[in-house]
file protein-v6.cif (mmCIF, C-alpha atoms)
data_model
loop_
_atom_site.label_atom_id
_atom_site.label_comp_id
_atom_site.auth_asym_id
_atom_site.auth_seq_id
_atom_site.Cartn_x
_atom_site.Cartn_y
_atom_site.Cartn_z
CA MET E 223 -10.37 -9.82 45.34
CA ARG E 224 -9.58 -10.90 41.79
CA ALA E 225 -9.62 -8.04 39.28
CA ILE E 226 -11.97 -8.12 36.27
CA VAL E 227 -10.87 -6.50 33.00
CA LEU E 228 -13.33 -5.15 30.42
CA CYS E 229 -11.52 -4.36 27.15
CA PHE E 230 -12.67 -1.66 24.77
CA GLU E 231 -10.63 -2.83 21.80
CA LYS E 232 -7.16 -3.53 23.11
CA LEU E 233 -5.03 -4.78 20.26
CA GLY E 234 -1.68 -5.71 21.76
CA LYS E 235 -0.05 -6.52 18.42
CA ALA E 236 3.04 -8.67 18.70
CA VAL E 237 4.62 -7.66 15.42
CA ALA E 238 6.63 -4.45 15.29
CA GLU E 239 5.23 -1.83 12.97
CA LEU E 240 6.89 -0.86 9.75
CA SER E 241 9.19 2.13 9.93
CA PHE E 242 6.90 4.18 7.70
CA SER E 243 4.01 3.49 10.09
CA THR E 244 6.14 4.65 13.00
CA LEU E 245 7.11 7.82 11.12
CA THR E 246 3.45 8.50 10.36
CA LYS E 247 2.31 7.88 13.94
CA ASN E 248 5.07 10.05 15.38
CA GLU E 249 3.89 12.90 13.17
CA LEU E 250 0.20 12.39 13.99
CA ALA E 251 1.00 12.26 17.70
CA ARG E 252 2.36 15.80 17.40
CA VAL E 253 -0.87 17.11 15.85
CA ILE E 254 -2.85 18.87 18.59
CA ASP E 255 -6.27 20.30 17.78
CA THR E 256 -7.32 23.62 19.27
CA ARG E 257 -11.01 22.65 19.50
CA GLN E 258 -12.11 20.80 22.62
CA CYS E 259 -14.62 18.70 20.68
CA CYS E 260 -11.90 17.44 18.34
CA LYS E 261 -9.64 16.53 21.25
CA MET E 262 -12.53 14.58 22.78
CA ALA E 263 -13.07 12.70 19.52
CA GLU E 264 -9.41 11.75 19.20
CA LEU E 265 -9.07 10.70 22.84
CA GLY E 266 -12.28 8.68 22.60
CA ALA E 267 -10.93 6.84 19.54
CA LEU E 268 -7.60 6.12 21.22
CA ILE E 269 -9.23 4.69 24.34
CA LYS E 270 -11.72 2.66 22.30
CA MET E 271 -8.89 1.10 20.28
CA ASP E 272 -6.35 0.41 23.05
CA GLY E 273 -8.17 0.86 26.37
CA SER E 274 -9.58 -1.46 28.96
CA LEU E 275 -11.48 -1.06 32.22
CA GLN E 276 -10.19 -2.92 35.26
CA LEU E 277 -12.73 -3.65 37.97
CA ASN E 278 -11.38 -4.53 41.39
CA GLY E 279 -14.33 -4.80 43.73
CA ARG E 280 -16.19 -1.54 43.36
CA GLN E 281 -13.16 0.35 42.14
CA VAL E 282 -12.70 0.94 38.43
CA SER E 283 -9.47 2.04 36.71
CA LEU E 284 -8.75 2.78 33.04
CA ASN E 285 -5.72 1.23 31.30
CA ILE E 286 -4.48 2.14 27.81
CA PHE E 287 -1.64 0.24 26.15
CA ASN E 288 0.32 1.39 23.09
CA HIS E 289 3.68 0.55 21.51
CA ASN E 290 4.50 4.16 20.59
CA ALA E 291 6.02 6.56 23.13
CA ALA E 292 4.73 9.63 21.26
CA VAL E 293 1.16 8.29 21.44
CA ALA E 294 1.54 7.69 25.19
CA ARG E 295 2.70 11.31 25.63
CA LYS E 296 -0.30 12.52 23.65
CA LEU E 297 -2.68 10.51 25.82
CA PHE E 298 -1.14 12.03 28.95
CA LYS E 299 -1.51 15.54 27.50
CA LEU E 300 -5.12 15.05 26.34
CA PHE E 301 -6.25 13.73 29.74
CA LYS E 302 -4.67 16.72 31.45
CA GLU E 303 -6.06 19.33 29.03
CA LEU E 304 -9.59 17.92 28.78
CA PHE E 305 -10.27 16.70 32.31
CA GLY E 306 -7.40 17.98 34.46
CA VAL E 307 -6.48 14.36 35.19
CA GLN E 308 -2.86 13.39 35.91
CA ALA E 309 -2.46 10.02 34.21
CA GLN E 310 0.15 7.50 35.28
CA VAL E 311 2.58 6.41 32.57
CA LEU E 312 4.51 3.16 32.91
CA VAL E 313 6.82 1.33 30.50
CA ARG E 314 6.95 -2.42 30.13
CA ARG E 315 9.54 -4.39 28.22
CA LYS E 316 8.07 -7.33 26.31
CA VAL E 317 10.03 -10.52 26.79
CA ARG E 318 8.88 -12.26 23.62
CA LEU E 319 9.27 -11.66 19.92
CA ARG E 320 11.10 -8.37 19.28
CA LYS E 321 10.95 -7.23 22.89
CA ASN E 322 9.60 -3.78 22.00
CA ASN E 323 8.38 -1.47 24.76
CA VAL E 324 4.73 -1.27 25.74
CA TYR E 325 3.57 2.06 27.18
CA TRP E 326 0.86 1.82 29.80
CA VAL E 327 -1.20 4.96 30.46
CA ARG E 328 -3.36 4.44 33.56
CA ILE E 329 -6.14 6.43 35.17
CA PRO E 330 -6.49 5.08 38.74
CA PRO E 331 -9.90 4.71 40.43
CA ARG E 332 -11.43 8.13 40.89
CA GLU E 333 -14.78 9.80 41.26
CA GLY E 334 -16.25 10.94 37.95
CA LEU E 335 -14.47 8.33 35.80
CA ALA E 336 -17.82 7.00 34.51
CA ALA E 337 -18.95 10.51 33.56
CA MET E 338 -15.64 11.12 31.79
CA LEU E 339 -15.94 7.91 29.78
CA GLY E 340 -19.55 8.78 29.00
CA GLN E 341 -18.47 12.13 27.53
CA LEU E 342 -15.94 10.26 25.38
CA GLY E 343 -18.69 8.02 24.00
CA LEU E 344 -17.28 4.84 25.50
CA VAL E 345 -19.72 3.66 28.18
CA ASN E 346 -23.36 4.10 29.09
CA SER E 347 -24.63 5.10 32.51
CA ASP E 348 -24.74 1.43 33.60
CA TRP E 349 -21.07 0.91 32.57
CA SER E 350 -22.07 -1.10 29.49
CA LEU E 351 -19.66 -0.54 26.59
CA GLN E 352 -20.60 1.40 23.45
CA GLU E 353 -19.98 -0.84 20.41
CA GLY E 354 -19.88 1.69 17.58
CA ILE E 355 -19.02 5.38 17.37
CA GLN E 356 -21.31 7.72 19.27
CA ARG E 357 -22.36 10.28 16.66
CA GLU E 358 -22.50 13.07 19.26
CA LEU E 359 -18.72 12.72 19.44
CA LEU E 360 -18.42 13.69 15.75
CA ARG E 361 -19.80 17.19 15.90
CA CYS E 362 -18.01 18.63 12.87
CA ASP E 363 -15.77 17.68 9.96
CA TYR E 364 -12.67 18.30 12.08
CA CYS E 365 -14.00 15.94 14.76
CA ARG E 366 -14.33 13.19 12.17
CA ARG E 367 -10.75 13.80 11.05
CA ALA E 368 -9.60 13.71 14.69
CA TYR E 369 -11.44 10.44 15.32
CA LEU E 370 -9.77 8.81 12.33
CA ARG E 371 -6.41 10.08 13.57
CA GLY E 372 -7.02 8.58 17.00
CA ALA E 373 -8.19 5.26 15.51
CA PHE E 374 -5.06 5.07 13.37
CA LEU E 375 -2.80 5.91 16.32
CA GLY E 376 -4.50 3.19 18.33
CA GLY E 377 -4.66 0.37 15.80
CA GLY E 378 -3.51 1.48 12.36
CA SER E 379 -0.58 0.83 10.08
CA VAL E 380 0.48 1.85 6.59
CA ASN E 381 2.94 0.01 4.39
CA SER E 382 6.01 1.73 3.04
CA PRO E 383 5.24 2.90 -0.52
CA GLU E 384 8.31 0.95 -1.63
CA GLY E 385 6.18 -2.20 -1.28
CA ASN E 386 2.50 -2.89 -1.79
CA TYR E 387 0.12 -0.01 -1.16
CA HIS E 388 -1.87 -0.86 1.96
CA MET E 389 -3.30 1.06 4.91
CA GLU E 390 -5.40 -0.55 7.63
CA ILE E 391 -7.03 -0.01 11.01
CA ILE E 392 -7.61 -3.16 13.08
CA THR E 393 -10.38 -3.42 15.65
CA SER E 394 -11.91 -6.28 17.63
CA LYS E 395 -15.53 -5.11 17.23
CA GLU E 396 -17.42 -5.61 13.97
CA GLU E 397 -19.74 -2.68 14.62
CA HIS E 398 -16.82 -0.35 15.31
CA ALA E 399 -15.08 -1.51 12.12
CA ALA E 400 -18.23 -0.77 10.14
CA SER E 401 -18.44 2.69 11.76
CA ILE E 402 -14.82 3.50 10.88
CA CYS E 403 -15.40 2.26 7.34
CA HIS E 404 -18.49 4.47 7.02
CA LEU E 405 -16.53 7.41 8.42
CA LEU E 406 -13.83 6.95 5.74
CA GLN E 407 -16.53 6.70 3.08
CA GLU E 408 -17.91 10.06 4.20
CA PHE E 409 -14.58 11.47 2.94
CA ASN E 410 -15.13 9.68 -0.42
CA LEU E 411 -12.61 6.96 0.41
CA SER E 412 -13.56 3.47 -0.79
CA ALA E 413 -12.66 1.66 2.43
CA LYS E 414 -13.56 -1.99 2.93
CA VAL E 415 -13.75 -4.36 5.91
CA SER E 416 -12.37 -7.89 6.06
CA ARG E 417 -12.10 -10.51 8.81
CA ARG E 418 -8.65 -11.61 10.01
CA LYS E 419 -8.97 -14.30 12.67
CA ALA E 420 -10.56 -12.55 15.66
CA TRP E 421 -10.02 -9.04 14.24
CA TYR E 422 -11.86 -6.80 11.80
CA VAL E 423 -9.64 -4.91 9.36
CA VAL E 424 -10.68 -1.63 7.73
CA TYR E 425 -8.35 -1.10 4.79
CA LEU E 426 -7.45 0.99 1.75
CA LYS E 427 -5.45 -0.39 -1.18
CA ASP E 428 -5.36 2.46 -3.70
CA SER E 429 -2.31 4.73 -3.42
CA ASP E 430 -4.29 7.91 -4.18
CA GLN E 431 -6.79 7.03 -1.46
CA ILE E 432 -4.01 6.37 1.05
CA VAL E 433 -2.51 9.78 0.24
CA GLU E 434 -5.91 11.41 0.75
CA CYS E 435 -6.38 9.58 4.07
CA LEU E 436 -2.97 10.77 5.29
CA ASN E 437 -4.01 14.30 4.35
CA ILE E 438 -7.34 13.97 6.19
CA MET E 439 -5.62 12.79 9.38
CA GLY E 440 -2.97 15.54 9.17
CA ALA E 441 0.15 13.49 8.35
CA HIS E 442 1.45 15.96 5.76
CA SER E 443 5.16 15.11 6.06
CA ALA E 444 4.41 11.40 5.75
CA LEU E 445 2.19 12.25 2.77
CA LEU E 446 5.10 14.02 1.00
CA GLU E 447 7.43 11.12 1.78
CA PHE E 448 4.81 8.71 0.43
CA GLU E 449 4.37 10.76 -2.75
CA ASN E 450 8.12 11.12 -3.35
CA THR E 451 8.67 7.40 -2.96
CA ARG E 452 5.64 6.59 -5.08
CA ILE E 453 6.82 8.87 -7.92
CA PHE E 454 10.32 7.35 -7.82
CA LYS E 455 8.83 3.85 -7.74
CA ASP E 456 6.49 4.56 -10.67
CA MET E 457 9.35 6.04 -12.72
CA ARG E 458 11.57 3.06 -11.93
CA ASN E 459 8.79 0.64 -12.89
CA GLN E 460 8.17 2.54 -16.12
CA VAL E 461 11.88 2.46 -17.00
CA ASN E 462 11.97 -1.26 -16.23
CA ARG E 463 8.95 -1.85 -18.46
CA LEU E 464 10.56 0.11 -21.30
CA VAL E 465 13.86 -1.73 -20.88
CA ASN E 466 12.08 -5.09 -20.78
CA CYS E 467 10.08 -4.17 -23.86
CA GLU E 468 13.21 -3.02 -25.74
CA THR E 469 15.07 -6.16 -24.65
CA ALA E 470 12.21 -8.37 -25.82
CA ASN E 471 12.05 -6.56 -29.17
CA LEU E 472 15.83 -6.79 -29.55
CA ASN E 473 15.80 -10.51 -28.78
CA LYS E 474 12.97 -10.98 -31.24
CA THR E 475 14.90 -9.07 -33.92
CA VAL E 476 18.10 -11.05 -33.28
CA ASP E 477 16.27 -14.39 -33.39
CA ALA E 478 14.52 -13.45 -36.63
CA SER E 479 17.80 -12.26 -38.15
CA LEU E 480 19.57 -15.53 -37.27
CA ARG E 481 16.72 -17.55 -38.75
CA GLN E 482 16.72 -15.46 -41.92
CA THR E 483 20.50 -15.64 -42.46
CA GLU E 484 20.41 -19.44 -41.96
CA SER E 485 17.58 -19.75 -44.51
CA ILE E 486 19.37 -17.50 -47.02
CA ALA E 487 22.64 -19.43 -46.56
CA LEU E 488 20.80 -22.70 -47.30
CA VAL E 489 19.15 -21.24 -50.42
CA ALA E 490 22.53 -19.91 -51.57
CA ARG E 491 24.21 -23.33 -51.18
CA VAL E 492 21.50 -25.36 -52.89
CA ILE E 493 20.14 -22.98 -55.50
CA GLY E 494 22.47 -19.98 -55.60
CA LEU E 495 21.50 -16.39 -55.01
CA ASP E 496 22.20 -15.50 -58.64
CA LYS E 497 19.27 -17.69 -59.69
CA LEU E 498 16.80 -15.81 -57.49
CA PRO E 499 14.52 -13.08 -58.84
CA GLY E 500 16.01 -9.60 -58.56
CA GLY E 501 13.91 -8.50 -55.60
CA LEU E 502 14.59 -11.63 -53.55
CA ARG E 503 18.30 -11.59 -54.42
CA GLU E 504 18.64 -7.95 -53.33
CA ILE E 505 16.99 -8.52 -49.94
CA ALA E 506 18.95 -11.75 -49.41
CA GLU E 507 22.26 -9.99 -50.10
CA LEU E 508 21.35 -7.05 -47.85
CA ARG E 509 20.35 -9.37 -44.98
CA MET E 510 23.62 -11.35 -45.27
CA LYS E 511 25.63 -8.12 -45.39
CA PHE E 512 23.73 -6.41 -42.56
CA PRO E 513 22.50 -9.18 -40.19
CA ASP E 514 21.74 -6.74 -37.35
CA ALA E 515 19.70 -4.28 -39.42
CA SER E 516 15.97 -3.89 -38.79
CA LEU E 517 13.32 -4.38 -41.45
CA LYS E 518 12.97 -0.64 -41.79
CA GLU E 519 16.70 -0.17 -42.29
CA LEU E 520 16.83 -2.96 -44.88
CA GLY E 521 13.95 -1.35 -46.74
CA GLU E 522 15.72 2.02 -46.82
CA MET E 523 18.83 0.39 -48.33
CA ALA E 524 16.86 -1.33 -51.11
CA ASN E 525 16.65 0.17 -54.60
CA PRO E 526 13.97 1.36 -54.93
CA PRO E 527 13.28 1.69 -51.15
CA LEU E 528 10.76 -0.70 -49.61
CA GLY E 529 8.46 -0.52 -46.63
CA LYS E 530 8.70 -2.90 -43.67
CA SER E 531 5.86 -5.04 -44.99
CA GLY E 532 7.56 -5.41 -48.38
CA VAL E 533 10.86 -6.45 -46.81
CA ASN E 534 9.09 -8.86 -44.45
CA HIS E 535 7.16 -10.41 -47.37
CA ARG E 536 10.37 -11.19 -49.28
CA LEU E 537 12.18 -12.56 -46.24
CA ARG E 538 9.22 -14.80 -45.44
CA LYS E 539 9.32 -16.08 -49.01
CA LEU E 540 12.99 -16.96 -48.56
CA ASP E 541 12.10 -18.75 -45.30
CA ARG E 542 9.46 -20.82 -47.08
CA MET E 543 11.96 -21.77 -49.79
CA ALA E 544 14.44 -22.90 -47.14
CA GLU E 545 11.72 -24.95 -45.39
CA LYS E 546 10.98 -26.78 -48.66
CA LEU E 547 14.68 -27.48 -49.13
CA ARG E 548 14.95 -28.89 -45.60
CA ALA E 549 11.95 -31.10 -46.35
CA GLY E 550 13.64 -32.41 -49.54
CA ASP E 551 11.29 -30.66 -51.94
CA LEU E 552 12.74 -28.96 -54.98
CA PRO E 553 11.79 -25.33 -55.30
CA PRO E 554 9.95 -24.11 -58.38
CA GLU E 555 11.95 -22.91 -61.37
CA PHE E 556 13.33 -19.39 -61.29
#

call {"tool": "encode", "arguments": {"input": "protein-v6.cif", "output": "C-alpha cells"}}
result
Amino acid sequence: MRAIVLCFEKLGKAVAELSFSTLTKNELARVIDTRQCCKMAELGALIKMDGSLQLNGRQVSLNIFNHNAAVARKLFKLFKELFGVQAQVLVRRKVRLRKNNVYWVRIPPREGLAAMLGQLGLVNSDWSLQEGIQRELLRCDYCRRAYLRGAFLGGGSVNSPEGNYHMEIITSKEEHAASICHLLQEFNLSAKVSRRKAWYVVYLKDSDQIVECLNIMGAHSALLEFENTRIFKDMRNQVNRLVNCETANLNKTVDASLRQTESIALVARVIGLDKLPGGLREIAELRMKFPDASLKELGEMANPPLGKSGVNHRLRKLDRMAEKLRAGDLPPEF
C-alpha cells in the first residue's frame, strides 16, 4: 500500500548553512537541560520544525530530517532519555547542489507513538496536527528558552557578524511563525515575521537583539565570537570613516589651495602684489610661500595673527579679484 506522509514543518533546505550558523548549532546541540519539561519543549520544537508522520496502512512512523550531525545525535539522546525509545539514525548523501549529508532520525511504528506525540504538543487524539505552540509545553521560562533552541536547531540560521546582522527561523506554518515571534517578544526581542515564497520567516536584524537571543538559547561561545567580531568590525568601520573624512578634508584643502594660488598668481601678473592693500598682500605672500598650510596655520603666521574666518575672508576677496580679471573687468583702484 502506498505510504502517506504528513509533514509537521519539514524544511529540507538546499543551501548549506553559513559556518557561523553551524558553529552556533553545534554548540546548542551540546546544551542538555536537566529538567524533563525543558527537554520535552526542545524535542517538541525540533520535531515540529523537521518532522513528518508517515502512514502506511494503519502503521504510523515518525521521521525527522536535519543537515547537522550534532542535532541528529541530540534527537537520539532526547528520545532515549524522555521515552526510552531507541531511534534509528540513517545518513543520506544528497546528489544535488552541494551534496551535503542529510541525517534521518526515525521512530518506527510502535504502540504509544500517538500518546508520545501528544505529550510533545504535536498531535491531537485524532492524529490532527497542532498548528501553533501548545502552551502546556512552555511551563516555565527555561521551557521557553528550550523551545526557541529547538526551533533554531530545526530551522534557524544566523549570519556571520562579518556581514549583515541577521538571524532567522523558517517555518512552513503561519500560526507557528506567529507563535515563535510572540515567544521571542516575551523576552523583549522585537522579532518580526515575513513571507518568503511558501515559508514564513521569523527574524531579528539588530545586533544587540541577536546577541541577546544567542544568550537566551544558551549559545554563549557563539555569543562571544559574535561580540568579538562585531567589536572588531565596528572599530574597523570607525577607522575607515575617520580616514575617509580626513581624506575628504585633505582633498578639499588641496583643491582650495590650488585655486587660491592660481588666483593669487593671476593677480600678481596683472596687478602686482605690491599694489594690494597690506592685509591682502600679506595673506597672498603667505599662501604662495606655504601652499599646503591650513587656514589656521596661515592665520598664526600673519602679523598680527588672524583667525580662520579672517584668513578665509581675505583669500575669498583675492578669488573674486581673479574672477573679475578672467572676465576682463578691471579691478577697482588700490

call {"tool": "closest_atom_pairs", "arguments": {"input": "protein-v6.cif", "of": "region 313-400 of chain E", "to": "region 423-439 of chain E", "cutoff": "9 Å", "atoms": "all atoms listed in the file", "output": "CSV"}}
result
residue,atom,partner,partner_atom,distance
E:Arg367,CA,E:Met439,CA,5.5
E:Ala368,CA,E:Met439,CA,6.7
E:Tyr369,CA,E:Met439,CA,8.6
E:Leu370,CA,E:Met439,CA,6.5
E:Arg371,CA,E:Met439,CA,5.1
E:Gly372,CA,E:Met439,CA,8.8
E:Phe374,CA,E:Met439,CA,8.7
E:Val380,CA,E:Ile432,CA,8.4
E:Pro383,CA,E:Ser429,CA,8.3
E:Asn386,CA,E:Lys427,CA,8.4
E:Tyr387,CA,E:Lys427,CA,5.6
E:His388,CA,E:Lys427,CA,4.8
E:Met389,CA,E:Leu426,CA,5.2
E:Glu390,CA,E:Tyr425,CA,4.1
E:Ile391,CA,E:Val424,CA,5.2
E:Ile392,CA,E:Val423,CA,4.6
E:Thr393,CA,E:Val423,CA,6.5
E:Ser394,CA,E:Val423,CA,8.7
E:Ala399,CA,E:Val424,CA,6.2
E:Ala400,CA,E:Val424,CA,8.0

call {"tool": "residues_around", "arguments": {"input": "protein-v6.cif", "residues": "Ser531 (chain E)", "least_positions_apart": "4", "cutoff": "10 Å", "atoms": "all atoms listed in the file", "output": "count of residues only"}}
result
6

call {"tool": "resolve_selection", "arguments": {"input": "protein-v6.cif", "expression": "the PyMOL selection byres ((chain E and resi 489) around 10)", "output": "list in words"}}
result
Thr483, Glu484, Ser485, Ile486, Ala487, Leu488, Ala490, Arg491, Val492, Ile493, Gly494, Leu495, Lys497, Leu498, Ala506, Leu540, Asp541, Met543, Ala544, Glu545, Leu547, Arg548 and Pro553 of chain E

call {"tool": "closest_residue", "arguments": {"input": "protein-v6.cif", "among": "E:Ile505, E:Leu472, E:Ile269, E:Ala515", "to": "Val345 (chain E)", "atoms": "all atoms listed in the file"}}
result
E:Ile269

call {"tool": "residues_around", "arguments": {"input": "protein-v6.cif", "residues": "Arg315 (chain E)", "least_positions_apart": "6", "cutoff": "9 Å", "atoms": "all atoms listed in the file", "output": "list in words"}}
result
Lys321, Asn322, Asn323, Val324 and Tyr325 of chain E

call {"tool": "atom_distance", "arguments": {"input": "protein-v6.cif", "atom1": "CA of Leu360 (chain E)", "atom2": "CA of Leu339 (chain E)"}}
result
15.4 Å

call {"tool": "closest_residue", "arguments": {"input": "protein-v6.cif", "among": "E:Arg503, E:Lys419, E:Arg328, E:Arg463", "to": "Gln308 (chain E)", "atoms": "only C-alpha atoms"}}
result
E:Arg328

call {"tool": "closest_residue", "arguments": {"input": "protein-v6.cif", "among": "E:Leu406, E:Val533, E:Leu480, E:Ile329", "to": "Phe301 (chain E)", "atoms": "only C-alpha atoms"}}
result
E:Ile329

call {"tool": "closest_residue", "arguments": {"input": "protein-v6.cif", "among": "E:Phe287, E:Phe512, E:Tyr422, E:Phe448", "to": "Ile402 (chain E)", "atoms": "all atoms listed in the file"}}
result
E:Tyr422

call {"tool": "closest_residue", "arguments": {"input": "protein-v6.cif", "among": "E:Leu464, E:Leu411, E:Ala336, E:Leu245", "to": "Ala292 (chain E)", "atoms": "only C-alpha atoms"}}
result
E:Leu245

call {"tool": "atom_distance", "arguments": {"input": "protein-v6.cif", "atom1": "CA of Pro331 (chain E)", "atom2": "CA of Val307 (chain E)"}}
result
11.5 Å

call {"tool": "closest_residue", "arguments": {"input": "protein-v6.cif", "among": "E:Ala309, E:Leu284, E:Ala267, E:Leu508", "to": "Met523 (chain E)", "atoms": "only C-alpha atoms"}}
result
E:Leu508

call {"tool": "residues_around", "arguments": {"input": "protein-v6.cif", "residues": "Ser401 (chain E)", "least_positions_apart": "5", "cutoff": "10 Å", "atoms": "only C-alpha atoms", "output": "ChimeraX atom specification"}}
result
/E:353-357,395-396,406-407,424

call {"tool": "atom_distance", "arguments": {"input": "protein-v6.cif", "atom1": "CA of Asn381 (chain E)", "atom2": "CA of Ser243 (chain E)"}}
result
6.8 Å

call {"tool": "residues_around", "arguments": {"input": "protein-v6.cif", "residues": "Ala373 (chain E)", "least_positions_apart": "5", "cutoff": "7 Å", "atoms": "all atoms listed in the file", "output": "PyMOL selection string"}}
result
chain E and resi 267-268+271+378

call {"tool": "residues_around", "arguments": {"input": "protein-v6.cif", "residues": "Val253 (chain E)", "least_positions_apart": "6", "cutoff": "12 Å", "atoms": "all atoms listed in the file", "output": "MDAnalysis selection string"}}
result
chainID E and resid 246:247 260:261 264 292:293 295:296 299:300 367:368 371:372 375 439:443
